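**Q** This is the structure I want to talk about, given as structure tokens.
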Amino acid sequence: MDLLANSYFALFLIVALGFILGRIKVFGLSLDVSAVIFVALIFGHYGILIPKDFQHLGLVLFIFTIGIQAGPGFFESFKKEGRQLAAFAALLIVTAALVTLLVIEVFGVNVNIAVGLFTGALTSTPGLAAAIDYTGSPLASIGYGVGYPFGVIGVILFIRFLPRLLGASVKGAEAEYQTKLKEEYPEILRRNFVVENENVIGKSIGSLRIRFMTKAVVSRILHKGVAVTPSAETLLHKGDIIKAVGTEEALRNVELLIGSPTEQEVPLDPKYDVRSVLVTNKEVVNKTIGQLNLLHTYNATITRIRRSGINISPSPNSKLRFGDKLVVASSKANMEIVSRIFGDDQKRLSDTDILPIALGIILGVLVGKISINLGSFSFSAGLTGGVLIAALVLSRIGKTGPVLWTMTGGANQLLRHLGLLLFLASVGTSAGAEIVETFEQYGLELFLYGFAITLIPMGIAALIGKWIFEMNILALMGAISGSMTSTPGLAAADSMTDSNAHSIAYATVYPVGMVLLIVFVQLITMFF
């Protein structure tokens with residue numbers, strides 16, 4: 001059919017059919033966006049191929065947007081859970097290497113084919129490059145071709161069915177993750193207190209260092225029936241009512257310092273305003289609240305920061321990020337000035353600046369080409385690793401001069417889904433084109449070995465992750481996908497949850513898994 005020879009027609013036909021198939025539920029389960037790759041396998045088998053350029057374009061878009069989204073959380077996660085996740089990745093890779101050694105020793109498979117099976121079963125193109133470079137044999141490519149199809153399909157199916165296999169609820173895991181976030185970022189509350197402590201009466205807000213001492217923010221003070229937004233020079237008088245904003249612990253500290261809580265309300269002075277303001281001005285991004293000196297200059301106070309759906313209690317050391325929503329208390333005369341300082345431009349927030357995306361991907365490609373040579377061992381991150389590393393680092397930096405390394409949620413989601421669809425359609429048709437021919441040439445035996453190298457390590461790692469490491473199912477899905485260096489696996493997990501817990505785990509273990517896999521490729525080859 002002439003239409004199917006048109007790459008664009010075939011690409012979007014695969015995507016459309018994949019979405020239709022993905023919505024079909026069997027026993028309450030559906031493949032969702034992952035169904036695209038199964039449709040692509042069928043198209044590939046019948047000779048309809050999507051050009052590799054789509055695969056590479058989709059890959060860099062998908063991985064870059066994942067890195068930008070996961071970057072800030074990745075570095076925090078690595079500090080807290082890095083050792084556990086690195087141990088998890090090492091466990092899975094070592095298990096896969098041991099199964100590969102078993103295939104060589106017990107079943108007599110050629111070591112070059114076995115090494116290719118190892119890299120294909122774990123869908124690692126950098127691993128294949130290392131295998132071909134180190135063995136100098138084309139047999140590694142054959143092994144990779146045999147192991148890769150199930151490496152792609154097997155991880156997707158394993159991730160899709162993992163919650164059911166372990167009896168875990170994705171919704172429950174999301175709630176658990178949100179609870180954990182609340183522990184790290186406690187709920188921000190408001191409470192009124194009566195000034196009773198004799199030690200604070202007659203002293204100024206600034207001299208008492210209330211924010212430093214309690215970690216709470218005083219947003220208003222009611223004195224003799226008149227409510228004002230306090231400045232550093234505002235004095236506290238016996239019987240004044242103050243409104244404090246902070247965590248439960250911070251408000252308990254205010255009670256100890258100031259006096260008992262009260263139900264009496266503190267009205268808003270007609271001269272003052274409380275407003276939500278968006279951070280869209282590049283000039284204030286990465287600056288701390290203390291550096292802006294709003295209280296002394298404009299008598300304005302930031303009482304709350306809302307970032308990525310989380311309320312954060314502000315401190316003078318809190319750095320602002322593009323897209324933060326601030327709750328600001330200020331005089332009406334100064335509020336417009338304060339709003340302009342932060343930008344507060346909803347349209348700018350919804351705009352997508354393509355320059356940082358282009359520059360970030362360029363940097364990622366360059367990072368991926370850097371080769372590290374240590375004697376007989378050489379390593380390079382490759383396209384996937386380079387783009388992921390660049391995105392993680394740039395997202396952490398946040399801003400370089402006038403360039404913001406951030407994306408709005410809507411833009412990130414659109415580019416991520418577009419990249420994912422391009423990648424799945426292209427990689428699926430490539431695998432489908434080879435799967436029958438490879439089966440006919442090498443028989444069922446090699447496929448079973450590749451199946452074992454893919455499935456056994458994931459099964460063992462999943463059980464240990466669940467019962468020994470006590471990992472959240474979302475983190476477990478991301479850690480398995482990252483350890484298997486499987487972007488389709490991450491895509492399967494991505495379609496199952498709105499949380500980013502899996503993306504953070506994936507980004508944390510992926511570099512570890514990629515390096516260990518290349519190391520074991522060389523160790524297996526050296527051993528034999």
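Numbering starts fresh at 1 for the residues of each chain in the structure tokens, the chains themselves are lettered A, B, ... in the order given, and ligands are numbered from 1 as they appear.
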Show which residues sit within 9 Å of Ser7 in chain A, as a VMD selection string. Count only C-alpha atoms, and ignore same-chain residues fewer than 4 positions away.

**A** chain A and resid 3 11 to 12 48 to 51

**Q** Where does range 301-417 of chain A meet range 461-483 of chain A within 12 Å, residue by residue, with the nearest atom pair and distance in Å to one decimal for each, counting only C-alpha atoms, listed by chain and rising number, as a Markdown table?

**A**
| residue | atom | partner | partner_atom | distance |
| --- | --- | --- | --- | --- |
| A:Thr384 | CA | A:Gly482 | CA | 11.5 |
| A:Gly385 | CA | A:Gly482 | CA | 11.0 |
| A:Leu388 | CA | A:Gly482 | CA | 11.5 |

**Q** Go ahead and write the selection's residues with N, CA and C atoms as an mmCIF file, in the first residue's frame.

**A**
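File result.cif, as written:
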data_model
loop_
_atom_site.group_PDB
_atom_site.id
_atom_site.type_symbol
_atom_site.label_atom_id
_atom_site.label_comp_id
_atom_site.auth_asym_id
_atom_site.auth_seq_id
_atom_site.Cartn_x
_atom_site.Cartn_y
_atom_site.Cartn_z
ATOM 1 N N THR A 384 21.740 8.538 25.213
ATOM 2 C CA THR A 384 20.765 8.541 26.310
ATOM 3 C C THR A 384 21.382 9.067 27.596
ATOM 4 N N GLY A 385 22.524 8.506 27.978
ATOM 5 C CA GLY A 385 23.175 8.910 29.218
ATOM 6 C C GLY A 385 23.607 10.363 29.199
ATOM 7 N N LEU A 388 20.537 12.662 29.500
ATOM 8 C CA LEU A 388 19.973 12.571 30.851
ATOM 9 C C LEU A 388 20.847 13.321 31.860
#

**Q** Could you please write out, as an MDAnalysis selection string, every residue of range 23-258 of chain A that DSSP assigns to helix (DSSP H, G or I)?

**A** chainID A and resid 32:45 52:107 111:121 125:135 139:165 170:184 205:208 210:214 248:257

**Q** Select, from A:Ile153, A:Val109, A:Ile242, A:Ala121, the residue with the minimum atom-to-atom distance to Gly432 in chain A, counting only C-alpha atoms.

**A**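 So, comparing all the options, the nearest one is A:Ile153.
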
**Q** Quick one: residues within 10 Å of Glu233 in chain A, only C-alpha atoms, excluding same-chain residues fewer than 4 positions away - as a list in words?

**A**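 Counting only C-alpha atoms, the residues come to Lys203, Ser204, Ile205, Gly206, Ser207 and His296 of chain A.
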
**Q** Keeping only all heavy atoms, write those residues as a tab-separated table (two decimals), in the first residue's frame.

**A**
chain	number	residue	atom	x	y	z
A	203	LYS	N	9.25	44.88	72.50
A	203	LYS	CA	10.38	44.61	71.59
A	203	LYS	C	9.89	44.55	70.15
A	203	LYS	O	8.72	44.24	69.89
A	203	LYS	CB	11.09	43.32	71.98
A	203	LYS	CG	11.78	43.41	73.34
A	203	LYS	CD	12.55	42.14	73.65
A	203	LYS	CE	13.27	42.27	75.00
A	203	LYS	NZ	14.00	41.05	75.36
A	204	SER	N	10.81	44.82	69.22
A	204	SER	CA	10.43	44.83	67.80
A	204	SER	C	10.51	43.43	67.19
A	204	SER	O	11.21	42.56	67.71
A	204	SER	CB	11.34	45.77	67.01
A	204	SER	OG	12.65	45.24	66.95
A	205	ILE	N	9.78	43.27	66.10
A	205	ILE	CA	9.81	42.00	65.34
A	205	ILE	C	11.24	41.65	64.95
A	205	ILE	O	11.68	40.51	65.06
A	205	ILE	CB	8.94	42.12	64.07
A	205	ILE	CG1	7.47	42.31	64.44
A	205	ILE	CG2	9.11	40.91	63.18
A	205	ILE	CD1	6.75	41.08	64.91
A	206	GLY	N	11.98	42.67	64.48
A	206	GLY	CA	13.35	42.45	64.03
A	206	GLY	C	14.27	42.01	65.15
A	206	GLY	O	15.08	41.08	64.98
A	207	SER	N	14.17	42.66	66.32
A	207	SER	CA	15.07	42.32	67.43
A	207	SER	C	14.76	40.94	68.01
A	207	SER	O	15.65	40.25	68.52
A	207	SER	CB	14.96	43.38	68.53
A	207	SER	OG	13.66	43.37	69.12
A	296	HIS	N	12.33	45.22	54.27
A	296	HIS	CA	12.85	46.55	54.55
A	296	HIS	C	12.55	47.55	53.44
A	296	HIS	O	12.31	48.72	53.69
A	296	HIS	CB	14.38	46.47	54.77
A	296	HIS	CG	14.75	45.80	56.06
A	296	HIS	ND1	14.97	44.44	56.14
A	296	HIS	CD2	14.91	46.30	57.31
A	296	HIS	CE1	15.26	44.12	57.38
A	296	HIS	NE2	15.24	45.22	58.12

**Q** Give me the residues near Ile354 in chain A as an mmCIF file with C-alpha atoms, in the first residue's frame, where near means some atom within 12 Å (using only C-alpha atoms) and where sequence neighbours in that chain fewer than 2 positions away do not count.

**A**
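Dumped to result.cif:
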data_model
loop_
_atom_site.group_PDB
_atom_site.id
_atom_site.type_symbol
_atom_site.label_atom_id
_atom_site.label_comp_id
_atom_site.auth_asym_id
_atom_site.auth_seq_id
_atom_site.Cartn_x
_atom_site.Cartn_y
_atom_site.Cartn_z
ATOM 1 C CA LEU A 61 13.034 14.629 23.761
ATOM 2 C CA ASP A 351 5.028 30.163 26.990
ATOM 3 C CA THR A 352 7.659 27.612 26.015
ATOM 4 C CA PRO A 356 17.027 26.157 26.511
ATOM 5 C CA ILE A 357 15.644 22.870 25.162
ATOM 6 C CA ALA A 358 17.834 23.055 22.059
ATOM 7 C CA LEU A 359 20.944 24.126 24.001
ATOM 8 C CA GLY A 360 20.332 21.459 26.658
ATOM 9 C CA ILE A 361 20.057 18.657 24.090
ATOM 10 C CA VAL A 403 18.728 31.203 30.104
ATOM 11 C CA LEU A 404 16.263 29.324 32.319
ATOM 12 C CA TRP A 405 16.799 25.568 32.396
ATOM 13 C CA THR A 406 13.197 24.897 33.385
ATOM 14 C CA MET A 407 9.971 24.026 31.597
ATOM 15 C CA THR A 408 6.339 24.508 32.467
ATOM 16 C CA ALA A 411 5.220 21.946 27.906
ATOM 17 C CA ASN A 412 7.171 19.172 29.613
ATOM 18 C CA LEU A 415 7.220 17.115 24.594
#
